[in-house]
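Enquirer: One file: upload_9.cif (mmCIF, C-alpha atoms).
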data_input
loop_
_atom_site.group_PDB
_atom_site.id
_atom_site.type_symbol
_atom_site.label_atom_id
_atom_site.label_comp_id
_atom_site.auth_asym_id
_atom_site.auth_seq_id
_atom_site.Cartn_x
_atom_site.Cartn_y
_atom_site.Cartn_z
ATOM 1 C CA MET A 1 -21.392 -2.471 -4.767
ATOM 2 C CA THR A 2 -18.257 -4.120 -6.139
ATOM 3 C CA VAL A 3 -15.184 -4.117 -3.921
ATOM 4 C CA THR A 4 -12.538 -2.072 -5.741
ATOM 5 C CA LEU A 5 -9.610 -2.319 -3.330
ATOM 6 C CA GLN A 6 -8.982 -4.423 -0.272
ATOM 7 C CA ALA A 7 -6.010 -4.480 2.088
ATOM 8 C CA LEU A 8 -6.184 -7.067 4.868
ATOM 9 C CA ASP A 9 -4.091 -7.523 8.019
ATOM 10 C CA VAL A 10 -1.317 -5.129 7.053
ATOM 11 C CA TYR A 11 1.710 -5.343 9.343
ATOM 12 C CA LYS A 12 4.788 -3.149 9.009
ATOM 13 C CA ALA A 13 7.702 -2.499 11.337
ATOM 14 C CA PHE A 14 10.785 -0.337 10.962
ATOM 15 C CA ASP A 15 13.448 -1.971 13.117
ATOM 16 C CA ASP A 16 11.832 -2.222 16.560
ATOM 17 C CA ASN A 17 9.036 0.234 15.775
ATOM 18 C CA GLN A 18 5.838 -1.667 14.928
ATOM 19 C CA VAL A 19 4.046 0.962 12.834
ATOM 20 C CA LEU A 20 1.114 -1.140 11.606
ATOM 21 C CA ARG A 21 -0.325 -3.971 13.685
ATOM 22 C CA GLY A 22 -2.839 -5.683 11.439
ATOM 23 C CA VAL A 23 -4.836 -2.905 9.768
ATOM 24 C CA SER A 24 -7.525 -3.718 7.184
ATOM 25 C CA LEU A 25 -9.296 -1.465 4.691
ATOM 26 C CA THR A 26 -11.958 -2.139 2.064
ATOM 27 C CA ALA A 27 -13.053 0.369 -0.582
ATOM 28 C CA VAL A 28 -15.990 -0.148 -2.920
ATOM 29 C CA GLU A 29 -16.485 1.825 -6.100
ATOM 30 C CA GLY A 30 -17.126 5.495 -5.355
ATOM 31 C CA ASP A 31 -15.918 5.365 -1.753
ATOM 32 C CA VAL A 32 -14.035 8.329 -0.330
ATOM 33 C CA ILE A 33 -12.185 7.003 2.710
ATOM 34 C CA SER A 34 -10.328 9.409 4.993
ATOM 35 C CA LEU A 35 -7.529 8.122 7.197
ATOM 36 C CA ILE A 36 -7.174 10.355 10.246
ATOM 37 C CA GLY A 37 -5.113 10.240 13.414
ATOM 38 C CA SER A 38 -2.114 11.743 15.131
ATOM 39 C CA SER A 39 1.280 11.969 13.460
ATOM 40 C CA GLY A 40 3.023 8.610 13.718
ATOM 41 C CA SER A 41 -0.210 6.615 13.903
ATOM 42 C CA GLY A 42 0.591 4.741 10.673
ATOM 43 C CA LYS A 43 -1.639 6.535 8.154
ATOM 44 C CA SER A 44 0.951 7.265 5.464
ATOM 45 C CA THR A 45 2.672 3.923 6.000
ATOM 46 C CA LEU A 46 -0.629 2.140 5.354
ATOM 47 C CA LEU A 47 -1.100 4.048 2.107
ATOM 48 C CA ARG A 48 2.443 3.252 0.987
ATOM 49 C CA CYS A 49 2.009 -0.424 1.873
ATOM 50 C CA ILE A 50 -1.165 -0.604 -0.216
ATOM 51 C CA ASN A 51 0.783 0.285 -3.371
ATOM 52 C CA PHE A 52 3.979 -1.430 -2.178
ATOM 53 C CA LEU A 53 6.114 1.705 -2.053
ATOM 54 C CA GLU A 54 6.782 0.233 1.378
ATOM 55 C CA ILE A 55 6.838 -3.551 1.411
ATOM 56 C CA PRO A 56 4.612 -4.780 4.247
ATOM 57 C CA ASP A 57 5.970 -7.451 6.559
ATOM 58 C CA SER A 58 2.748 -9.320 5.909
ATOM 59 C CA ALA A 59 -0.502 -8.383 4.195
ATOM 60 C CA ARG A 60 -2.994 -9.329 1.543
ATOM 61 C CA VAL A 61 -3.816 -6.668 -1.051
ATOM 62 C CA SER A 62 -6.336 -7.313 -3.788
ATOM 63 C CA MET A 63 -7.891 -5.359 -6.636
ATOM 64 C CA GLY A 64 -10.038 -7.144 -9.197
ATOM 65 C CA ASP A 65 -8.093 -10.092 -10.561
ATOM 66 C CA ILE A 66 -4.930 -9.055 -8.677
ATOM 67 C CA ASP A 67 -4.427 -10.760 -5.320
ATOM 68 C CA ILE A 68 -1.081 -10.349 -3.572
ATOM 69 C CA SER A 69 -0.322 -12.046 -0.272
ATOM 70 C CA ILE A 70 2.883 -11.362 1.642
ATOM 71 C CA ASP A 71 3.858 -13.707 4.458
ATOM 72 C CA SER A 72 6.556 -12.707 6.931
ATOM 73 C CA LYS A 73 7.976 -16.257 6.904
ATOM 74 C CA ASN A 74 8.854 -16.346 3.201
ATOM 75 C CA ARG A 75 8.570 -12.688 2.286
ATOM 76 C CA SER A 76 11.569 -12.501 -0.062
ATOM 77 C CA SER A 77 10.580 -15.440 -2.243
ATOM 78 C CA ILE A 78 6.977 -14.241 -2.451
ATOM 79 C CA LEU A 79 8.069 -10.753 -3.495
ATOM 80 C CA ALA A 80 10.129 -12.202 -6.336
ATOM 81 C CA LYS A 81 7.114 -14.143 -7.602
ATOM 82 C CA GLU A 82 4.693 -11.227 -7.158
ATOM 83 C CA ARG A 83 6.788 -8.560 -8.901
ATOM 84 C CA ALA A 84 4.625 -8.484 -12.039
ATOM 85 C CA ALA A 85 1.421 -8.400 -9.989
ATOM 86 C CA ILE A 86 2.757 -5.505 -7.903
ATOM 87 C CA GLN A 87 3.544 -3.520 -11.055
ATOM 88 C CA GLN A 88 0.056 -4.243 -12.366
ATOM 89 C CA LEU A 89 -1.485 -3.136 -9.073
ATOM 90 C CA ARG A 90 0.486 0.113 -9.111
ATOM 91 C CA SER A 91 -0.752 0.832 -12.641
ATOM 92 C CA ARG A 92 -4.310 0.850 -11.273
ATOM 93 C CA LEU A 93 -3.513 3.137 -8.343
ATOM 94 C CA GLY A 94 -2.932 6.869 -8.750
ATOM 95 C CA MET A 95 -0.715 8.307 -6.018
ATOM 96 C CA VAL A 96 -0.597 11.976 -4.997
ATOM 97 C CA PHE A 97 2.247 12.757 -2.614
ATOM 98 C CA GLN A 98 2.646 15.341 0.133
ATOM 99 C CA ASN A 99 5.583 17.020 -1.629
ATOM 100 C CA PHE A 100 4.249 16.772 -5.213
ATOM 101 C CA ASN A 101 7.175 14.680 -6.568
ATOM 102 C CA LEU A 102 7.044 16.371 -9.970
ATOM 103 C CA TRP A 103 9.965 16.010 -12.367
ATOM 104 C CA THR A 104 11.662 19.386 -12.155
ATOM 105 C CA HIS A 105 13.359 19.109 -15.572
ATOM 106 C CA MET A 106 10.032 18.614 -17.364
ATOM 107 C CA THR A 107 7.300 21.102 -18.156
ATOM 108 C CA VAL A 108 3.852 20.731 -16.620
ATOM 109 C CA VAL A 109 2.396 18.953 -19.647
ATOM 110 C CA GLU A 110 5.463 16.710 -19.951
ATOM 111 C CA ASN A 111 4.987 15.666 -16.319
ATOM 112 C CA VAL A 112 1.440 14.605 -17.102
ATOM 113 C CA THR A 113 2.198 12.783 -20.380
ATOM 114 C CA GLU A 114 5.324 10.873 -19.316
ATOM 115 C CA GLY A 115 3.536 8.016 -17.552
ATOM 116 C CA PRO A 116 0.770 7.428 -20.111
ATOM 117 C CA VAL A 117 3.287 7.304 -22.984
ATOM 118 C CA ARG A 118 5.960 5.182 -21.297
ATOM 119 C CA VAL A 119 3.833 2.925 -19.095
ATOM 120 C CA LEU A 120 0.440 2.732 -20.773
ATOM 121 C CA GLY A 121 1.754 2.969 -24.333
ATOM 122 C CA ILE A 122 -0.595 5.800 -25.294
ATOM 123 C CA PRO A 123 0.482 7.641 -28.492
ATOM 124 C CA PRO A 124 2.180 10.957 -27.625
ATOM 125 C CA LYS A 125 -0.417 13.075 -29.459
ATOM 126 C CA ASP A 126 -3.300 11.385 -27.641
ATOM 127 C CA ALA A 127 -1.474 11.636 -24.297
ATOM 128 C CA HIS A 128 -0.859 15.353 -24.893
ATOM 129 C CA ASP A 129 -4.506 16.020 -25.738
ATOM 130 C CA GLU A 130 -5.690 14.134 -22.663
ATOM 131 C CA ALA A 131 -3.112 15.911 -20.484
ATOM 132 C CA MET A 132 -4.403 19.301 -21.629
ATOM 133 C CA GLU A 133 -7.957 18.235 -20.791
ATOM 134 C CA LEU A 134 -6.889 17.121 -17.334
ATOM 135 C CA LEU A 135 -4.909 20.311 -16.718
ATOM 136 C CA ALA A 136 -8.026 22.273 -17.665
ATOM 137 C CA LYS A 137 -10.016 20.091 -15.283
ATOM 138 C CA VAL A 138 -7.775 21.067 -12.363
ATOM 139 C CA GLY A 139 -7.703 24.702 -13.489
ATOM 140 C CA ILE A 140 -4.119 25.024 -14.614
ATOM 141 C CA ALA A 141 -4.057 24.507 -18.392
ATOM 142 C CA GLU A 142 -2.536 27.949 -18.974
ATOM 143 C CA LYS A 143 0.613 26.806 -17.129
ATOM 144 C CA HIS A 144 1.194 23.771 -19.372
ATOM 145 C CA ASP A 145 4.534 24.976 -20.771
ATOM 146 C CA GLN A 146 5.999 26.152 -17.459
ATOM 147 C CA TYR A 147 8.272 24.213 -15.117
ATOM 148 C CA PRO A 148 7.359 23.164 -11.564
ATOM 149 C CA VAL A 149 9.715 25.719 -10.027
ATOM 150 C CA GLN A 150 7.646 28.475 -11.653
ATOM 151 C CA LEU A 151 4.455 27.341 -9.909
ATOM 152 C CA SER A 152 3.039 27.821 -6.436
ATOM 153 C CA GLY A 153 2.692 24.817 -4.168
ATOM 154 C CA GLY A 154 -1.033 24.640 -4.812
ATOM 155 C CA GLN A 155 -0.471 24.712 -8.564
ATOM 156 C CA GLN A 156 2.173 21.993 -8.320
ATOM 157 C CA GLN A 157 -0.188 19.781 -6.358
ATOM 158 C CA ARG A 158 -2.915 20.263 -8.957
ATOM 159 C CA VAL A 159 -0.420 19.180 -11.635
ATOM 160 C CA ALA A 160 0.336 16.126 -9.494
ATOM 161 C CA ILE A 161 -3.389 15.297 -9.375
ATOM 162 C CA ALA A 162 -3.646 15.656 -13.164
ATOM 163 C CA ARG A 163 -0.610 13.391 -13.524
ATOM 164 C CA ALA A 164 -2.252 10.749 -11.328
ATOM 165 C CA LEU A 165 -5.510 10.984 -13.304
ATOM 166 C CA ALA A 166 -3.630 10.606 -16.591
ATOM 167 C CA MET A 167 -2.756 7.041 -15.606
ATOM 168 C CA ARG A 168 -6.494 6.234 -15.638
ATOM 169 C CA PRO A 169 -6.438 4.722 -12.148
ATOM 170 C CA ARG A 170 -9.259 2.800 -10.525
ATOM 171 C CA VAL A 171 -8.370 4.257 -7.117
ATOM 172 C CA LEU A 172 -6.662 7.523 -6.162
ATOM 173 C CA LEU A 173 -4.413 7.554 -3.088
ATOM 174 C CA PHE A 174 -3.690 10.933 -1.479
ATOM 175 C CA ASP A 175 -0.908 11.149 1.111
ATOM 176 C CA GLU A 176 -1.519 14.364 3.072
ATOM 177 C CA PRO A 177 -1.911 16.357 -0.177
ATOM 178 C CA THR A 178 -2.301 19.754 1.528
ATOM 179 C CA SER A 179 0.150 19.509 4.433
ATOM 180 C CA ALA A 180 3.061 21.089 2.529
ATOM 181 C CA LEU A 181 0.968 24.042 1.342
ATOM 182 C CA ASP A 182 0.616 27.538 2.717
ATOM 183 C CA PRO A 183 -2.827 27.906 4.331
ATOM 184 C CA GLU A 184 -4.179 30.170 1.575
ATOM 185 C CA LEU A 185 -3.367 27.533 -1.066
ATOM 186 C CA VAL A 186 -5.060 24.595 0.664
ATOM 187 C CA GLY A 187 -8.515 25.512 -0.601
ATOM 188 C CA GLU A 188 -7.666 25.250 -4.298
ATOM 189 C CA VAL A 189 -6.442 21.664 -3.876
ATOM 190 C CA LEU A 190 -9.374 20.620 -1.686
ATOM 191 C CA LYS A 191 -11.746 22.075 -4.307
ATOM 192 C CA VAL A 192 -10.310 19.744 -6.959
ATOM 193 C CA MET A 193 -10.548 16.778 -4.573
ATOM 194 C CA ARG A 194 -14.170 17.595 -3.764
ATOM 195 C CA GLU A 195 -14.975 17.685 -7.477
ATOM 196 C CA LEU A 196 -13.314 14.297 -7.984
ATOM 197 C CA ALA A 197 -15.385 12.876 -5.135
ATOM 198 C CA MET A 198 -18.559 14.269 -6.712
ATOM 199 C CA GLU A 199 -17.638 12.488 -9.965
ATOM 200 C CA GLY A 200 -17.692 9.188 -8.081
ATOM 201 C CA ARG A 201 -13.930 8.638 -7.998
ATOM 202 C CA THR A 202 -12.755 6.037 -5.503
ATOM 203 C CA MET A 203 -10.309 7.753 -3.155
ATOM 204 C CA VAL A 204 -8.312 6.918 -0.031
ATOM 205 C CA VAL A 205 -7.055 10.097 1.615
ATOM 206 C CA VAL A 206 -4.592 10.572 4.460
ATOM 207 C CA THR A 207 -5.525 14.003 5.720
ATOM 208 C CA HIS A 208 -5.354 16.509 8.557
ATOM 209 C CA GLU A 209 -8.186 18.481 6.947
ATOM 210 C CA MET A 210 -11.029 17.489 9.246
ATOM 211 C CA GLY A 211 -13.598 19.506 7.282
ATOM 212 C CA PHE A 212 -12.838 17.450 4.179
ATOM 213 C CA ALA A 213 -12.906 14.197 6.139
ATOM 214 C CA ARG A 214 -16.264 15.041 7.696
ATOM 215 C CA GLU A 215 -18.045 16.586 4.706
ATOM 216 C CA VAL A 216 -16.667 14.758 1.657
ATOM 217 C CA SER A 217 -15.785 11.265 2.892
ATOM 218 C CA ASN A 218 -18.377 8.553 3.243
ATOM 219 C CA HIS A 219 -16.115 6.560 5.582
ATOM 220 C CA ALA A 220 -13.476 7.628 8.103
ATOM 221 C CA ILE A 221 -10.851 5.480 9.790
ATOM 222 C CA PHE A 222 -9.130 6.705 12.944
ATOM 223 C CA LEU A 223 -5.698 5.113 13.331
ATOM 224 C CA ASP A 224 -4.002 5.050 16.703
ATOM 225 C CA GLN A 225 -0.605 3.457 17.357
ATOM 226 C CA GLY A 226 -0.823 1.246 14.296
ATOM 227 C CA LEU A 227 -4.350 -0.023 14.949
ATOM 228 C CA ILE A 228 -7.825 1.032 13.877
ATOM 229 C CA GLY A 229 -9.119 2.792 16.966
ATOM 230 C CA GLU A 230 -12.504 3.555 15.435
ATOM 231 C CA GLN A 231 -14.172 3.766 12.043
ATOM 232 C CA GLY A 232 -17.522 4.572 10.515
ATOM 233 C CA ALA A 233 -19.612 7.278 8.900
ATOM 234 C CA PRO A 234 -17.739 10.589 9.342
ATOM 235 C CA GLN A 235 -20.728 12.531 10.640
ATOM 236 C CA GLU A 236 -21.213 9.985 13.424
ATOM 237 C CA LEU A 237 -17.529 9.541 14.184
ATOM 238 C CA PHE A 238 -16.964 13.293 14.519
ATOM 239 C CA ARG A 239 -20.230 13.990 16.340
ATOM 240 C CA GLN A 240 -20.131 11.129 18.815
ATOM 241 C CA PRO A 241 -16.860 9.151 18.897
ATOM 242 C CA GLN A 242 -17.209 5.863 20.743
ATOM 243 C CA THR A 243 -13.713 5.621 22.245
ATOM 244 C CA GLU A 244 -11.959 7.973 24.606
ATOM 245 C CA ARG A 245 -8.822 8.107 22.452
ATOM 246 C CA CYS A 246 -10.786 9.087 19.346
ATOM 247 C CA ARG A 247 -12.740 11.637 21.389
ATOM 248 C CA GLN A 248 -9.481 13.204 22.573
ATOM 249 C CA PHE A 249 -8.160 13.389 19.026
ATOM 250 C CA ILE A 250 -11.337 14.933 17.620
ATOM 251 C CA ASN A 251 -11.459 17.506 20.405
ATOM 252 C CA SER A 252 -7.800 18.423 19.845
ATOM 253 C CA VAL A 253 -8.174 19.021 16.093
ATOM 254 C CA ILE A 254 -11.629 20.645 16.103
ATOM 255 C CA ALA A 255 -10.976 23.025 19.014
#
For the file at hand, write its structure as structure tokens.
Expert:
Amino acid sequence: MTVTLQALDVYKAFDDNQVLRGVSLTAVEGDVISLIGSSGSGKSTLLRCINFLEIPDSARVSMGDIDISIDSKNRSSILAKERAAIQQLRSRLGMVFQNFNLWTHMTVVENVTEGPVRVLGIPPKDAHDEAMELLAKVGIAEKHDQYPVQLSGGQQQRVAIARALAMRPRVLLFDEPTSALDPELVGEVLKVMRELAMEGRTMVVVTHEMGFAREVSNHAIFLDQGLIGEQGAPQELFRQPQTERCRQFINSVIA
């Protein structure tokens, strides 16, 4: 299988807090990778470093013909040179945030068409037609002319997924997509994510939903204090973790 996304030796500190200490991740086409671990273990920071919403202190991130290396010694000059490559990388990554991040002054369909028209240069009529198809795909087409404030959290997150898909990404990044939802709304978002996985979408998911990580992912990575504590096939990792720290975490979230 072709490697779709690779992030190697990602380091990131905030002041004196070393959040990531050399984490690496490789996704091939069709992978669904779940990042699990306690709060503060570096999961969301890793995701944000992959698409450079957070600039890593040092890392190498590659996708196809894009290969970006950041070195802590000459980070500023490298960033200036890599600006175009970073924008190109972001255009191939679809990001779904914990708190939806929809534009509140735009309708649902406008939220989904804005990026394709402005960034990808898709004609407005074509972008609208594709947006309606995607909204139907996530089960919310009937809300296309409403505003985010008129929707439930689960509906807003499904709009956010449609918006990410509209950018025709090669990889979807999900940053705790259900953690801001009321418990009864979690299922409708996970259903859409399961369907995307069944389609063969490449996905990297930061999640506290252990059922999703175990049943839908084909690879799970347990992060602990900015390092990979353990990784492997989810069924094996959840059934028989090899490290005491991972065992403690699994027991605490499954119990």
Enquirer: List as a PDB file with C-alpha atoms, in the frame of the given file the protein and nucleic acid residues near region 100-112 of chain A, meaning an atom at most 10 Å away when all atoms listed in the file are counted, but skip any in the same chain fewer than 5 places from it.
Expert:
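Below you can see out.pdb, which holds the result:
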ATOM      1  CA  MET A  95      -0.715   8.307  -6.018  1.00  0.00           C
ATOM      2  CA  VAL A 117       3.287   7.304 -22.984  1.00  0.00           C
ATOM      3  CA  ALA A 127      -1.474  11.636 -24.297  1.00  0.00           C
ATOM      4  CA  HIS A 128      -0.859  15.353 -24.893  1.00  0.00           C
ATOM      5  CA  ASP A 129      -4.506  16.020 -25.738  1.00  0.00           C
ATOM      6  CA  GLU A 130      -5.690  14.134 -22.663  1.00  0.00           C
ATOM      7  CA  ALA A 131      -3.112  15.911 -20.484  1.00  0.00           C
ATOM      8  CA  MET A 132      -4.403  19.301 -21.629  1.00  0.00           C
ATOM      9  CA  LEU A 134      -6.889  17.121 -17.334  1.00  0.00           C
ATOM     10  CA  LEU A 135      -4.909  20.311 -16.718  1.00  0.00           C
ATOM     11  CA  ILE A 140      -4.119  25.024 -14.614  1.00  0.00           C
ATOM     12  CA  ALA A 141      -4.057  24.507 -18.392  1.00  0.00           C
ATOM     13  CA  GLU A 142      -2.536  27.949 -18.974  1.00  0.00           C
ATOM     14  CA  LYS A 143       0.613  26.806 -17.129  1.00  0.00           C
ATOM     15  CA  HIS A 144       1.194  23.771 -19.372  1.00  0.00           C
ATOM     16  CA  ASP A 145       4.534  24.976 -20.771  1.00  0.00           C
ATOM     17  CA  GLN A 146       5.999  26.152 -17.459  1.00  0.00           C
ATOM     18  CA  TYR A 147       8.272  24.213 -15.117  1.00  0.00           C
ATOM     19  CA  PRO A 148       7.359  23.164 -11.564  1.00  0.00           C
ATOM     20  CA  VAL A 149       9.715  25.719 -10.027  1.00  0.00           C
ATOM     21  CA  GLN A 150       7.646  28.475 -11.653  1.00  0.00           C
ATOM     22  CA  LEU A 151       4.455  27.341  -9.909  1.00  0.00           C
ATOM     23  CA  GLY A 153       2.692  24.817  -4.168  1.00  0.00           C
ATOM     24  CA  GLY A 154      -1.033  24.640  -4.812  1.00  0.00           C
ATOM     25  CA  GLN A 155      -0.471  24.712  -8.564  1.00  0.00           C
ATOM     26  CA  GLN A 156       2.173  21.993  -8.320  1.00  0.00           C
ATOM     27  CA  GLN A 157      -0.188  19.781  -6.358  1.00  0.00           C
ATOM     28  CA  ARG A 158      -2.915  20.263  -8.957  1.00  0.00           C
ATOM     29  CA  VAL A 159      -0.420  19.180 -11.635  1.00  0.00           C
ATOM     30  CA  ALA A 160       0.336  16.126  -9.494  1.00  0.00           C
ATOM     31  CA  ILE A 161      -3.389  15.297  -9.375  1.00  0.00           C
ATOM     32  CA  ALA A 162      -3.646  15.656 -13.164  1.00  0.00           C
ATOM     33  CA  ARG A 163      -0.610  13.391 -13.524  1.00  0.00           C
ATOM     34  CA  ALA A 164      -2.252  10.749 -11.328  1.00  0.00           C
ATOM     35  CA  LEU A 165      -5.510  10.984 -13.304  1.00  0.00           C
ATOM     36  CA  ALA A 166      -3.630  10.606 -16.591  1.00  0.00           C
ATOM     37  CA  MET A 167      -2.756   7.041 -15.606  1.00  0.00           C
ATOM     38  CA  ASP A 175      -0.908  11.149   1.111  1.00  0.00           C
ATOM     39  CA  PRO A 177      -1.911  16.357  -0.177  1.00  0.00           C
ATOM     40  CA  THR A 178      -2.301  19.754   1.528  1.00  0.00           C
ATOM     41  CA  ALA A 180       3.061  21.089   2.529  1.00  0.00           C
TER      42      ALA A 180
END
Enquirer: Which residue, A:Ser69, A:Ser152, A:Ser217, A:Ile122, has the smallest gap to Leu181 (chain A) when you use only C-alpha atoms?
Expert: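 So, comparing all the options, the nearest one is A:Ser152.
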Enquirer: Using all atoms listed in the file, which residue out of A:Val28, A:Leu35, A:Leu46, A:Leu5 lies closest to His208 (chain A)?
Expert: A:Leu35
Enquirer: So which one's closest to Gly115 (chain A), A:Lys12, A:Arg168, A:Arg201, A:Arg247? Using all atoms listed in the file, please.
Expert: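 Result for the nearest residue to Gly115 (chain A): A:Arg168.
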Enquirer: What does the structure give for the distance between CA of Ile86 (chain A) and CA of Val19 (chain A), in Å to one decimal?
Expert: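 Pair CA of Ile86 (chain A) / CA of Val19 (chain A) returns 21.8 Å.
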